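Note: the block below is structure-v1.txt and it holds compact mmCIF, C-alpha atoms.
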# COMPACT_ATOMS: atom_id res chain seq x y z
CA MET A 1 14.98 -9.23 -13.61
CA ILE A 2 13.98 -8.18 -10.13
CA ILE A 3 11.50 -5.39 -9.48
CA VAL A 4 10.98 -4.13 -5.95
CA LEU A 5 7.52 -2.68 -5.54
CA TYR A 6 6.62 -0.47 -2.63
CA ALA A 7 2.85 -0.10 -2.49
CA ASN A 8 0.73 1.77 0.02
CA THR A 9 -2.11 -0.75 -0.08
CA GLY A 10 -2.46 -4.41 -0.92
CA GLU A 11 -4.94 -3.49 -3.62
CA SER A 12 -2.53 -1.26 -5.52
CA LEU A 13 0.18 -3.91 -5.23
CA LYS A 14 -2.22 -6.45 -6.67
CA LYS A 15 -3.08 -4.13 -9.56
CA ALA A 16 0.55 -3.48 -10.44
CA PHE A 17 1.54 -7.12 -10.12
CA SER A 18 -1.40 -8.37 -12.17
CA TYR A 19 -0.29 -6.20 -15.10
CA ILE A 20 3.27 -7.54 -14.87
CA GLU A 21 1.91 -11.08 -14.56
CA HIS A 22 -0.24 -10.54 -17.64
CA GLN A 23 2.73 -9.31 -19.68
CA HIS A 24 5.01 -12.12 -18.54
CA ALA A 25 2.56 -14.99 -18.36
CA GLY A 26 4.16 -17.99 -16.70
CA LEU A 27 7.46 -16.19 -16.20
CA SER A 28 6.65 -13.98 -13.25
CA ALA A 29 6.83 -14.60 -9.53
CA HIS A 30 5.85 -12.64 -6.47
CA VAL A 31 8.02 -12.76 -3.36
CA ASN A 32 6.19 -11.50 -0.31
CA LEU A 33 8.43 -11.37 2.73
CA SER A 34 6.04 -9.71 5.13
CA ARG A 35 5.07 -12.98 6.83
CA ILE A 36 8.62 -14.07 7.59
CA GLY A 37 9.74 -12.64 10.90
CA ASP A 38 13.42 -13.58 10.93
CA ILE A 39 15.59 -11.28 8.85
CA GLU A 40 18.16 -14.02 8.12
CA LEU A 41 15.42 -16.17 6.62
CA ARG A 42 14.23 -13.25 4.53
CA ILE A 43 17.77 -12.61 3.26
CA ALA A 44 18.16 -16.32 2.47
CA GLN A 45 14.94 -16.27 0.51
CA LEU A 46 16.10 -13.24 -1.47
CA ASN A 47 19.37 -14.97 -2.29
CA GLN A 48 17.42 -17.85 -3.76
CA ILE A 49 15.70 -15.74 -6.43
CA PRO A 50 16.46 -17.53 -9.69
CA ASP A 51 17.40 -16.14 -13.09
CA ARG A 52 18.12 -12.52 -12.25
CA LYS A 53 19.89 -11.79 -15.51
CA THR A 54 17.23 -12.19 -18.17
CA GLU A 55 14.38 -9.74 -18.50
CA ARG A 56 11.92 -12.40 -19.62
CA ARG A 57 11.54 -13.74 -16.10
CA VAL A 58 10.34 -11.07 -13.69
CA THR A 59 10.43 -11.48 -9.93
CA VAL A 60 8.48 -8.90 -7.99
CA VAL A 61 9.55 -8.37 -4.37
CA SER A 62 6.99 -6.42 -2.44
CA ASN A 63 7.66 -4.07 0.45
CA PRO A 64 11.06 -5.15 1.82
CA GLN A 65 11.10 -3.80 5.36
CA THR A 66 14.73 -3.34 6.27
CA GLY A 67 17.61 -1.44 4.80
CA ARG A 68 19.71 -4.61 4.62
CA GLU A 69 17.19 -6.33 2.37
CA LEU A 70 16.90 -3.28 0.17
CA ALA A 71 20.68 -2.93 -0.11
CA LEU A 72 20.98 -6.60 -1.10
CA LEU A 73 18.30 -6.19 -3.73
CA ARG A 74 19.97 -3.08 -5.12
CA ASP A 75 23.26 -5.02 -5.35
CA MET A 76 21.44 -7.71 -7.30
CA GLY A 77 20.41 -5.09 -9.83
CA ALA A 78 16.81 -4.80 -8.74
CA VAL A 79 14.86 -1.76 -9.87
CA VAL A 80 13.15 -0.13 -6.91
CA CYS A 81 9.73 1.42 -7.53
CA HIS A 82 7.72 3.50 -5.09
CA GLN A 83 4.03 4.23 -5.31
CA TYR A 84 3.42 7.92 -5.88
CA GLY A 85 1.46 9.64 -3.15
CA ALA A 86 1.54 9.97 0.59
CA LEU A 87 4.32 7.88 2.09
CA SER A 88 3.30 4.90 4.17
CA PRO A 89 4.76 4.24 7.64
CA LEU A 90 7.07 1.73 5.97
CA TYR A 91 9.44 4.54 5.06
CA THR A 92 11.54 4.70 8.17
CA THR A 93 15.08 5.88 8.38
CA GLU A 94 16.24 2.56 6.93
CA ILE A 95 14.14 2.67 3.77
CA LYS A 96 15.17 5.60 1.63
CA ILE A 97 14.15 6.71 -1.80
CA SER A 98 17.13 7.12 -4.10
CA PRO A 99 16.19 10.06 -6.31
CA LEU A 100 18.63 9.07 -9.04
CA HIS A 101 17.87 5.37 -9.35
CA ASP A 102 14.37 4.71 -8.04
CA LEU A 103 11.15 5.07 -9.98
CA HIS A 104 7.73 6.34 -8.95
CA TYR A 105 4.52 4.87 -10.27
CA VAL A 106 0.76 4.84 -10.01
CA PRO A 107 -0.99 1.47 -10.18
CA HIS A 108 -3.08 2.42 -13.20
CA LEU A 109 -2.69 2.13 -16.95
CA THR A 110 -3.95 5.64 -17.63
CA PHE A 111 -3.77 8.60 -15.32
CA SER A 112 -3.96 12.24 -16.30
CA GLY A 113 -2.10 15.11 -14.69
CA LEU A 114 0.82 13.14 -13.35
CA PRO A 115 4.17 14.82 -12.69
CA GLY A 116 6.84 14.00 -15.25
CA HIS A 117 8.76 11.57 -13.06
CA VAL A 118 5.75 9.37 -12.26
CA PHE A 119 4.99 6.42 -14.52
CA THR A 120 1.88 4.40 -15.21
CA VAL A 121 2.27 0.63 -14.80
CA ASP A 122 2.96 -0.12 -18.46
CA GLU A 123 5.54 2.67 -18.65
CA LEU A 124 7.04 1.45 -15.38
CA LEU A 125 7.62 -2.08 -16.68
CA SER A 126 9.23 -0.72 -19.82
CA GLU A 127 11.42 1.66 -17.81
CA CYS A 128 12.47 -1.19 -15.50
CA LYS A 129 13.60 -3.23 -18.51
CA VAL A 130 15.65 -0.34 -19.87
CA LYS A 131 17.26 0.18 -16.44
CA HIS A 132 17.89 -3.55 -16.11
CA ARG A 133 19.65 -3.62 -19.49
CA LYS A 134 21.83 -0.71 -18.47
CA PHE A 135 22.72 -2.49 -15.21
CA ARG A 136 23.63 -5.68 -17.09
CA GLN A 137 25.79 -3.74 -19.53
CA ARG A 138 27.61 -2.03 -16.66
CA ALA A 139 28.09 -5.39 -14.92
CA LYS A 140 29.75 -6.82 -18.03
CA MET B 1 -18.53 20.25 -31.03
CA SER B 2 -14.84 21.02 -31.07
CA SER B 3 -13.99 17.68 -29.41
CA LEU B 4 -16.08 15.91 -32.06
CA ARG B 5 -14.15 17.66 -34.81
CA HIS B 6 -10.90 16.83 -33.02
CA SER B 7 -11.71 13.11 -32.84
CA HIS B 8 -12.84 13.19 -36.47
CA ASN B 9 -9.52 14.76 -37.45
CA LYS B 10 -7.68 12.19 -35.40
CA ALA B 11 -9.41 9.34 -37.19
CA ARG B 12 -8.64 10.91 -40.55
CA LEU B 13 -5.02 11.39 -39.61
CA GLU B 14 -4.80 7.71 -38.63
CA ARG B 15 -6.30 6.76 -41.99
CA TYR B 16 -3.82 8.96 -43.84
CA PHE B 17 -0.95 7.39 -41.94
CA GLU B 18 -2.16 3.92 -42.90
CA GLN B 19 -2.43 4.97 -46.54
CA TRP B 20 1.08 6.35 -46.36
CA ALA B 21 2.48 3.14 -44.83
CA ARG B 22 0.85 1.10 -47.61
CA TRP B 23 2.20 3.54 -50.19
CA VAL B 24 5.71 3.15 -48.79
CA HIS B 25 5.61 -0.57 -49.56
CA THR B 26 3.64 -0.62 -52.79
CA GLY B 27 5.60 2.10 -54.52
CA GLN B 28 4.54 5.19 -56.39
CA VAL B 29 0.94 6.28 -56.75
CA THR B 30 0.11 6.32 -60.45
CA THR B 31 -2.87 7.24 -62.58
CA ALA B 32 -2.72 3.94 -64.48
CA LYS B 33 -6.05 2.13 -64.64
CA SER B 34 -6.73 -1.57 -64.77
CA ILE B 35 -8.76 -2.97 -67.69
CA LEU B 36 -11.70 -3.54 -65.38
CA GLN B 37 -11.52 0.05 -64.18
CA LYS B 38 -11.43 1.27 -67.80
CA LEU B 39 -14.54 -0.81 -68.59
CA ILE B 40 -16.34 0.56 -65.54
CA ASP B 41 -15.44 4.13 -66.47
CA GLY B 42 -16.49 3.59 -70.11
CA ASP B 43 -13.08 4.60 -71.40
CA SER B 44 -11.99 3.82 -74.91
CA PHE B 45 -9.21 1.35 -75.63
CA ASP B 46 -8.36 3.11 -78.90
CA CYS B 47 -6.10 5.65 -77.40
CA SER B 48 -2.47 4.86 -76.95
CA GLY B 49 -1.31 2.98 -73.95
CA GLY B 50 -0.04 6.16 -72.48
CA GLY B 51 2.20 6.44 -69.56
CA CYS B 52 1.42 6.07 -65.99
CA SER B 53 2.59 9.39 -64.72
CA PRO B 54 3.20 9.49 -61.02
CA ILE B 55 0.84 11.53 -58.91
CA VAL B 56 2.85 14.26 -57.31
CA GLU B 57 0.08 15.79 -55.25
CA CYS B 58 -1.25 13.24 -52.77
CA VAL B 59 -1.46 12.93 -49.04
CA GLU B 60 1.05 10.07 -48.93
CA LEU B 61 3.75 12.18 -50.55
CA ASN B 62 2.96 15.12 -48.32
CA ILE B 63 3.32 12.97 -45.22
CA GLU B 64 6.60 11.58 -46.51
CA SER B 65 7.97 15.02 -47.29
CA ALA B 66 6.87 16.34 -43.89
CA LEU B 67 8.67 13.46 -42.22
CA MET B 68 11.78 13.98 -44.33
CA ARG B 69 11.87 17.61 -43.26
CA PHE B 70 11.33 16.64 -39.63
CA MET B 71 14.11 14.06 -39.89
CA VAL B 72 16.68 16.84 -40.00
CA THR B 73 15.80 17.94 -36.48
CA ASN B 74 14.49 14.73 -34.92
CA LYS B 75 15.58 11.56 -36.66
CA GLN B 76 14.52 9.20 -33.88
CA ALA B 77 10.95 10.52 -33.86
CA VAL B 78 10.65 9.84 -37.58
CA THR B 79 11.99 6.30 -37.14
CA VAL B 80 9.48 5.68 -34.35
CA CYS B 81 6.67 6.95 -36.58
CA ARG B 82 7.76 4.66 -39.43
CA VAL B 83 7.94 1.65 -37.14
CA GLU B 84 4.60 2.42 -35.48
CA TYR B 85 2.65 2.50 -38.71
CA GLY B 86 4.51 -0.39 -40.34
CA ALA B 87 6.36 1.66 -42.93
CA LEU B 88 9.57 0.25 -41.51
CA PHE B 89 9.95 -3.31 -40.23
CA LEU B 90 12.47 -4.16 -37.58
CA PRO B 91 14.20 -7.50 -38.14
CA ASN B 92 12.81 -10.47 -36.18
CA LEU B 93 10.00 -8.42 -34.72
CA PRO B 94 6.43 -9.62 -35.32
CA ILE B 95 4.21 -7.14 -37.16
CA ASP B 96 1.63 -7.30 -34.37
CA ALA B 97 4.17 -6.69 -31.59
CA ASN B 98 2.91 -4.25 -29.00
CA ARG B 99 4.36 -0.82 -28.43
CA GLU B 100 6.35 -1.86 -25.41
CA THR B 101 8.15 -4.59 -27.36
CA ARG B 102 8.82 -2.25 -30.25
CA ALA B 103 10.15 0.42 -27.91
CA LEU B 104 12.49 -2.00 -26.20
CA ARG B 105 13.72 -3.33 -29.51
CA MET B 106 14.57 0.22 -30.47
CA GLY B 107 16.39 0.68 -27.18
CA MET B 108 14.03 3.15 -25.57
CA SER B 109 11.35 3.11 -22.92
CA LEU B 110 7.64 3.17 -23.68
CA ARG B 111 7.33 6.77 -22.52
CA THR B 112 10.12 7.93 -24.83
CA TYR B 113 8.56 5.97 -27.69
CA ASN B 114 5.17 7.58 -27.09
CA ARG B 115 6.69 11.05 -26.81
CA ARG B 116 8.65 10.72 -30.04
CA LEU B 117 5.64 9.32 -31.84
CA GLN B 118 3.58 12.25 -30.63
CA ASP B 119 6.24 14.70 -31.86
CA ALA B 120 6.17 13.17 -35.33
CA ARG B 121 2.37 13.08 -35.41
CA VAL B 122 2.13 16.73 -34.39
CA CYS B 123 4.57 17.69 -37.14
CA VAL B 124 2.65 15.75 -39.81
CA GLU B 125 -0.72 16.95 -38.52
CA GLY B 126 0.44 20.58 -38.75
CA GLU B 127 1.60 20.05 -42.29
CA LEU B 128 -1.66 18.35 -43.32
CA ILE B 129 -3.73 21.13 -41.74
CA ARG B 130 -1.65 23.66 -43.66
CA LEU B 131 -2.38 21.79 -46.88
CA ASN B 132 -6.13 21.52 -46.08
CA TYR B 133 -6.19 17.74 -45.76
CA LEU B 134 -7.53 18.00 -42.23
This structure in structure tokens:
Amino acid sequence: MIIVLYANTGESLKKAFSYIEHQHAGLSAHVNLSRIGDIELRIAQLNQIPDRKTERRVTVVSNPQTGRELALLRDMGAVVCHQYGALSPLYTTEIKISPLHDLHYVPHLTFSGLPGHVFTVDELLSECKVKHRKFRQRAK
Amino acid sequence: MSSLRHSHNKARLERYFEQWARWVHTGQVTTAKSILQKLIDGDSFDCSGGGCSPIVECVELNIESALMRFMVTNKQAVTVCRVEYGALFLPNLPIDANRETRALRMGMSLRTYNRRLQDARVCVEGELIRLNYL
């Protein structure tokens, strides 16, 4: 299963990923493409993500920067999650939030007064698995 | 003061739910006493064996009947409540599985699971308040 996490700060990304890592000990990986300049290399790295079908192994891709990468990830069945709050400069015309398919989250386990569409991290992981199952069923 | 009472009620409700889950597996609640209990109470053994009439007025039965009534309108919430407190076991699922695993096994997300559980709890809590258990 692939989860794309858009986080405003490195700290919130770390918080969200550490929860996922804790739940899937030994079966989670983090792909950070921000240090690779060439887009072809980034695409190649995304194509090499192993075991996309099962939900036991979770690959977290953080902050893909171009629309091409995001489109590829969506085609692979990745669930795209955006941090709730003020949008970072990352959201250009290429990166768009799909209101029907994408999820919004806060990098905390408990948070009061959230709007209905925003999930805490534990709810987010569960929601991603449900969405992933639906995608796999449609693909069959 | 009110929050203290609320948390006290919450703890009692949890205890009642646990009693109910145990009752679901062990069967009916009866007035039958063990020999040791009879000795402790100083009862006589002369009287006839007597029957063990089922108790029809207990919190376990009231919870069950409240859930049965709620089942008509919200069946999934009742199932979630049964699974949460161990009154219903899902096949091949460990008893100590966390909520997320249970929710996924039942084909719903954690948020849906929590919402349905809350619905069932509110229904039972209302019924128990009405019957002066809480």
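Going from CA of Lys131 (chain A) to CA of Val122 (chain B) covers 28.7 Å.
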Requested in this report: Give me, as a PyMOL selection string, the contact residues of chain A against chain B at a cut-off of 9 Å, counting all atoms listed in the file.
Outcome: chain A and resi 119+122-130
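With all atoms listed in the file as the atoms that count, the residue of B:Glu60, B:Ala120, B:Val80, B:Gly86 with the shortest distance to Arg105 (chain B) is B:Val80.
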As a check of understanding: the span from CA of Ala21 (chain B) to CA of Thr73 (chain B) is 21.6 Å
Neighbours of Ala77 (chain B) within 9 Å (all atoms listed in the file; same-chain residues fewer than 3 positions away dropped), as a PyMOL selection string?
chain B and resi 70-71+74+80-82+113+115-120
Shell of 10 Å around Arg52 (chain A), all atoms listed in the file, local chain residues under 5 positions omitted, as a PDB file with C-alpha atoms, in the coordinates of the input:
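Generated output (part.pdb):
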ATOM      1  CA  MET A   1      14.980  -9.230 -13.610  1.00  0.00           C
ATOM      2  CA  ILE A   2      13.980  -8.180 -10.130  1.00  0.00           C
ATOM      3  CA  ARG A  57      11.540 -13.740 -16.100  1.00  0.00           C
ATOM      4  CA  VAL A  58      10.340 -11.070 -13.690  1.00  0.00           C
ATOM      5  CA  THR A  59      10.430 -11.480  -9.930  1.00  0.00           C
ATOM      6  CA  MET A  76      21.440  -7.710  -7.300  1.00  0.00           C
ATOM      7  CA  GLY A  77      20.410  -5.090  -9.830  1.00  0.00           C
ATOM      8  CA  ALA A  78      16.810  -4.800  -8.740  1.00  0.00           C
ATOM      9  CA  HIS A 132      17.890  -3.550 -16.110  1.00  0.00           C
TER      10      HIS A 132
END
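The gap separating CA of Gln45 (chain A) from CA of Pro89 (chain A) is 24.0 Å, in Å to one decimal.
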Practice item. Give me the residues within 12 Å of Ser12 (chain A) as a list of chain:residue names, counting all atoms listed in the file and dropping any in the same chain fewer than 4 places off. Key: A:Leu5, A:Tyr6, A:Ala7, A:Asn8, A:Ala16, A:Phe17, A:Ser18, A:Tyr19, A:Ser62, A:His82, A:Gln83, A:Tyr84, A:Gly85, A:Tyr105, A:Val106, A:Pro107, A:His108, A:Leu109, A:Val121
So that I can see what lies close to Asn32 (chain A), please list as a ChimeraX atom specification the residues with an atom at most 9 Å from it, counting all atoms listed in the file and leaving out residues fewer than 2 positions away in the same chain.
/A:30,34-36,60-64
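Take the candidates A:Leu46, A:Ile39, A:Arg56, A:Ala86 and check each one against Gly26 (chain A) using all atoms listed in the file; the shortest distance goes to A:Arg56.
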Using all atoms listed in the file, the residue out of B:Val59, B:Phe89, B:Gln76, B:Ile129 with shortest distance to Phe17 (chain B) is B:Val59
